[in-house]
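What follows is a set of notes on a single structure, which appears directly below.
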Amino acid sequence: MHRPTLVALALLLCSSPMVNGGKVLVYPLDGSHWINMKVLIEELHSKGHEITVLRSSDSWYIKPESPHYKSITLNSSAGFDEERFGSFVKRMLSMRREGASLWSRISLEYELMEQFYQMNKQVLQMLGDMFENTKLMQSLHDAKYDLVLTDPAIGAGVLLSHRLGLPLVLNVRWTVQGEGHQAIAPSPLSYVPIPGTDLTDKMTFFQRVGNFLYYFFSCFQIWYVTDATYKPFVQRYFGNDVHYMEFFQAADIWLMRNDFTFEFPRPTMPNVIYMSGFQCKPSKPLSKELEDFVQSSGEHGIIVMTLGTLVATLPEDITDDIAAAFAELPQKVIWRHKGKRPSTLGNNTLILDWLPQNDLLGHPKTRVFVAHGGTNGMQEAIYNGVPLVGLPLMFDQQDNFFRMKTKGVAKVLDLATVNKDNFLEALKEVLYKPSYREKMKKLSNLHRDQPMKPMDRAIFWIEFVMRHKGAKHLQTESYKMPAIQYHSIDVMAFLLAVILLVFIVFISAVKVLWRRVFSRSKDKKE
């Protein structure tokens, strides 16, 4: 009786078009940036897409084998290995501890610029080797990828996508020139603070002066670090008539790793998609040993401390002070620390080489998160509603924590001056002052109250670019305009010229009329 219906259903299923997975070429940035890129890759793989990851031979975090992607290992160095980065971190911390003088600040900024310069130079050397490798480039062409997914904090993936003529999706917080919005969206200096200024969107006159001056300093950094490396490379491989930032600005979709629970309100663009917290997930149960330790804290709860994946150890005197401060608290502490065991370590502190950060932050007994200020950690703290004590060291960490401090959910210390007393005072303030937890819970509720999960939104737009071979209809034409046209300087100059011309003609006409009237009056008198 039901056989005709079953046959019809089978025919319908056979005739319906199959949903084929796309092919995505990923050019990632190593280190902590790889951690969030890997989350996207795993989700794309679960949706049936085929992922290929380009990695250098000395990759630190990016493994050559994975069940979620195939890899192509380039026989070049990206200049981002554990030993080199570790020595850089030690130099940075040492310079920070030398003092807060102007010369120390200048030295610190120069060291950062030099590090970025060398990294960009190394990355472009590797990309140049790729471009010169005819066999490799032909294989990438023949693979017929649907798009390139890359982190524009380095420019290699962006330039590669244009070399291959493929649509481009950016997993972005920073570009080679700085904060991502600065490259794509209008950024009025009157209320959009430059990262690093420790300013909000509500600036006094002199703060706006400072923001303006810092903008010119950032332009100097771009000239020294980025222009010096990218301009010659782009001129060599793409011609003299194109600026390297046009390749970034031509990206189809910008998947922005923040949102306006974190960012100050500012202008944006239609192809900027906010996916803050896309890597955050509900916490999973802890191991029995870890759960037993957490439960032993009783009503006092626990403190979680980690300085991220890139900073495993601190100087011994700092770790001794931190451990001594923890020892005076009734809370239990779970601390990711790979250095020498502190001599002042208390019985309430558990030291681990690795800890399940999101699972611990999502545990109801977690009271405070002591962190370095990486974007991933900030978002997991917001997602789980855990207030913060900050020990920022470098890059965007100070700026991230400034935003959290402004929102009243974090107490921030300087690693150069941290000691037992001020660290203990900061912990007690965040632990026992209810406003920190209340404001973070409010921030968490705002972040979670969305019509669509950030990960679902990110995947939708990546697949959108695959389906439509790009998203050109969302792109502004502004990046193709010279600065004179973009700011309508030519229009203002033209209108000013017209006004001046009209004024000159008017004055000339008045003079002529005045002379005639004066001449007639003189003739009558005579």
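Ordering of the structure tokens sets the chain letters (A, B, ...), residue numbers begin anew at 1 in every chain, and ligands are numbered from 1 in the order given.
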All strand (DSSP E or B) residues (DSSP, backbone) inside range 110-236 of chain A, as a PyMOL selection string: chain A and resi 147-150+168-172+174-175+178-179
Spatial neighbours of range 73-75 of chain A, max dist 12 Å, only C-alpha atoms, sep filter under 5 positions, as JSON, numbers by chain: {"A": [27, 52, 53, 54, 55, 56, 57, 58, 59, 62, 63, 64, 65, 123, 125, 126, 127, 128, 129, 130, 131, 133, 136, 137]}
Go through A:Gly21, A:Gly165, A:Pro454, A:Gly408 one by one, measure the shortest atom-to-atom distance of each to Lys442 in chain A using only C-alpha atoms, and give the residue with the smallest value.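 Comparing A:Gly21, A:Gly165, A:Pro454, A:Gly408 against Lys442 in chain A, the winner is A:Gly408.
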Val39 in chain A environment, 10 Å, only C-alpha atoms, sequence neighbours closer than 3 positions dropped, as a ChimeraX atom specification: /A:34-36,42-45,278-280,455
Saved selection, atoms kept: N, CA and C atoms, as a tab-separated table (two decimals), in the first residue's frame:
```tsv
chain	number	residue	atom	x	y	z
A	34	TRP	N	46.73	30.57	16.00
A	34	TRP	CA	46.38	29.27	15.44
A	34	TRP	C	45.28	28.60	16.26
A	35	ILE	N	45.24	28.85	17.55
A	35	ILE	CA	44.26	28.19	18.41
A	35	ILE	C	42.84	28.52	17.96
A	36	ASN	N	42.56	29.80	17.69
A	36	ASN	CA	41.19	30.12	17.25
A	36	ASN	C	40.97	29.77	15.78
A	42	GLU	N	38.10	23.05	12.41
A	42	GLU	CA	37.39	21.85	12.89
A	42	GLU	C	35.90	21.94	12.60
A	43	GLU	N	35.33	23.14	12.74
A	43	GLU	CA	33.90	23.31	12.46
A	43	GLU	C	33.63	23.17	10.96
A	44	LEU	N	34.49	23.74	10.13
A	44	LEU	CA	34.32	23.59	8.68
A	44	LEU	C	34.45	22.13	8.27
A	45	HIS	N	35.39	21.42	8.87
A	45	HIS	CA	35.56	20.00	8.58
A	45	HIS	C	34.31	19.21	8.96
A	278	PHE	N	33.36	33.02	19.33
A	278	PHE	CA	32.99	31.87	18.50
A	278	PHE	C	33.63	30.58	19.01
A	279	GLN	N	34.76	30.70	19.70
A	279	GLN	CA	35.46	29.52	20.19
A	279	GLN	C	34.95	29.07	21.56
A	280	CYS	N	34.07	29.86	22.18
A	280	CYS	CA	33.56	29.54	23.51
A	280	CYS	C	32.46	28.48	23.44
A	455	MET	N	29.67	31.16	16.10
A	455	MET	CA	30.27	30.16	15.21
A	455	MET	C	29.36	29.90	14.00
```
Using only C-alpha atoms, which of the listed residues (A:Glu132, A:Glu114, A:Asp252, A:Asp317) sits closest to Met269 in chain A? A:Asp252
DSSP on the backbone: which residues in range 305-389 of chain A end up as helix (DSSP H, G or I)? Give the answer as a PyMOL selection string. chain A and resi 316-327+357-361+375-384
Within 8 Å of range 284-305 of chain A: each range 351-460 of chain A residue with its shortest pair, only C-alpha atoms, as JSON lines:
```
{"residue": "A:Asp359", "atom": "CA", "partner": "A:Lys284", "partner_atom": "CA", "distance": 5.5}
{"residue": "A:Leu360", "atom": "CA", "partner": "A:Val304", "partner_atom": "CA", "distance": 7.3}
{"residue": "A:Leu361", "atom": "CA", "partner": "A:Val304", "partner_atom": "CA", "distance": 7.5}
{"residue": "A:Lys365", "atom": "CA", "partner": "A:Gly301", "partner_atom": "CA", "distance": 4.5}
{"residue": "A:Thr366", "atom": "CA", "partner": "A:Ile302", "partner_atom": "CA", "distance": 4.8}
{"residue": "A:Arg367", "atom": "CA", "partner": "A:Ile302", "partner_atom": "CA", "distance": 5.8}
{"residue": "A:Val368", "atom": "CA", "partner": "A:Ile303", "partner_atom": "CA", "distance": 5.0}
{"residue": "A:Phe369", "atom": "CA", "partner": "A:Val304", "partner_atom": "CA", "distance": 5.0}
{"residue": "A:Val370", "atom": "CA", "partner": "A:Met305", "partner_atom": "CA", "distance": 4.5}
{"residue": "A:Ala371", "atom": "CA", "partner": "A:Met305", "partner_atom": "CA", "distance": 6.0}
```
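Shortest atom-to-atom contact with Ile322 in chain A among A:Leu149, A:Leu513, A:Val172, A:Val418: A:Val418, counting only C-alpha atoms.
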What's around Arg257 in chain A at 10 Å? Count only C-alpha atoms, leave out sequence neighbours fewer than 2 positions away in its own chain, and write the answer as a ChimeraX atom specification. /A:36,171-174,180,254-255,259,273-279,375-376,379,454
Do you have the CA of Ile51 in chain A-CA of Lys70 in chain A distance handy?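 Computed distance, CA of Ile51 in chain A to CA of Lys70 in chain A, equals 6.3 Å.
Restricting the calculation to only C-alpha atoms, the smallest distance between Ile154 in chain A and any of A:Ser519, A:Ser139, A:Ser94, A:Gln177 is found for A:Gln177.
CA of Ser488 in chain A to CA of Gln249 in chain A spans 19.6 Å [interatomic distance, one decimal].
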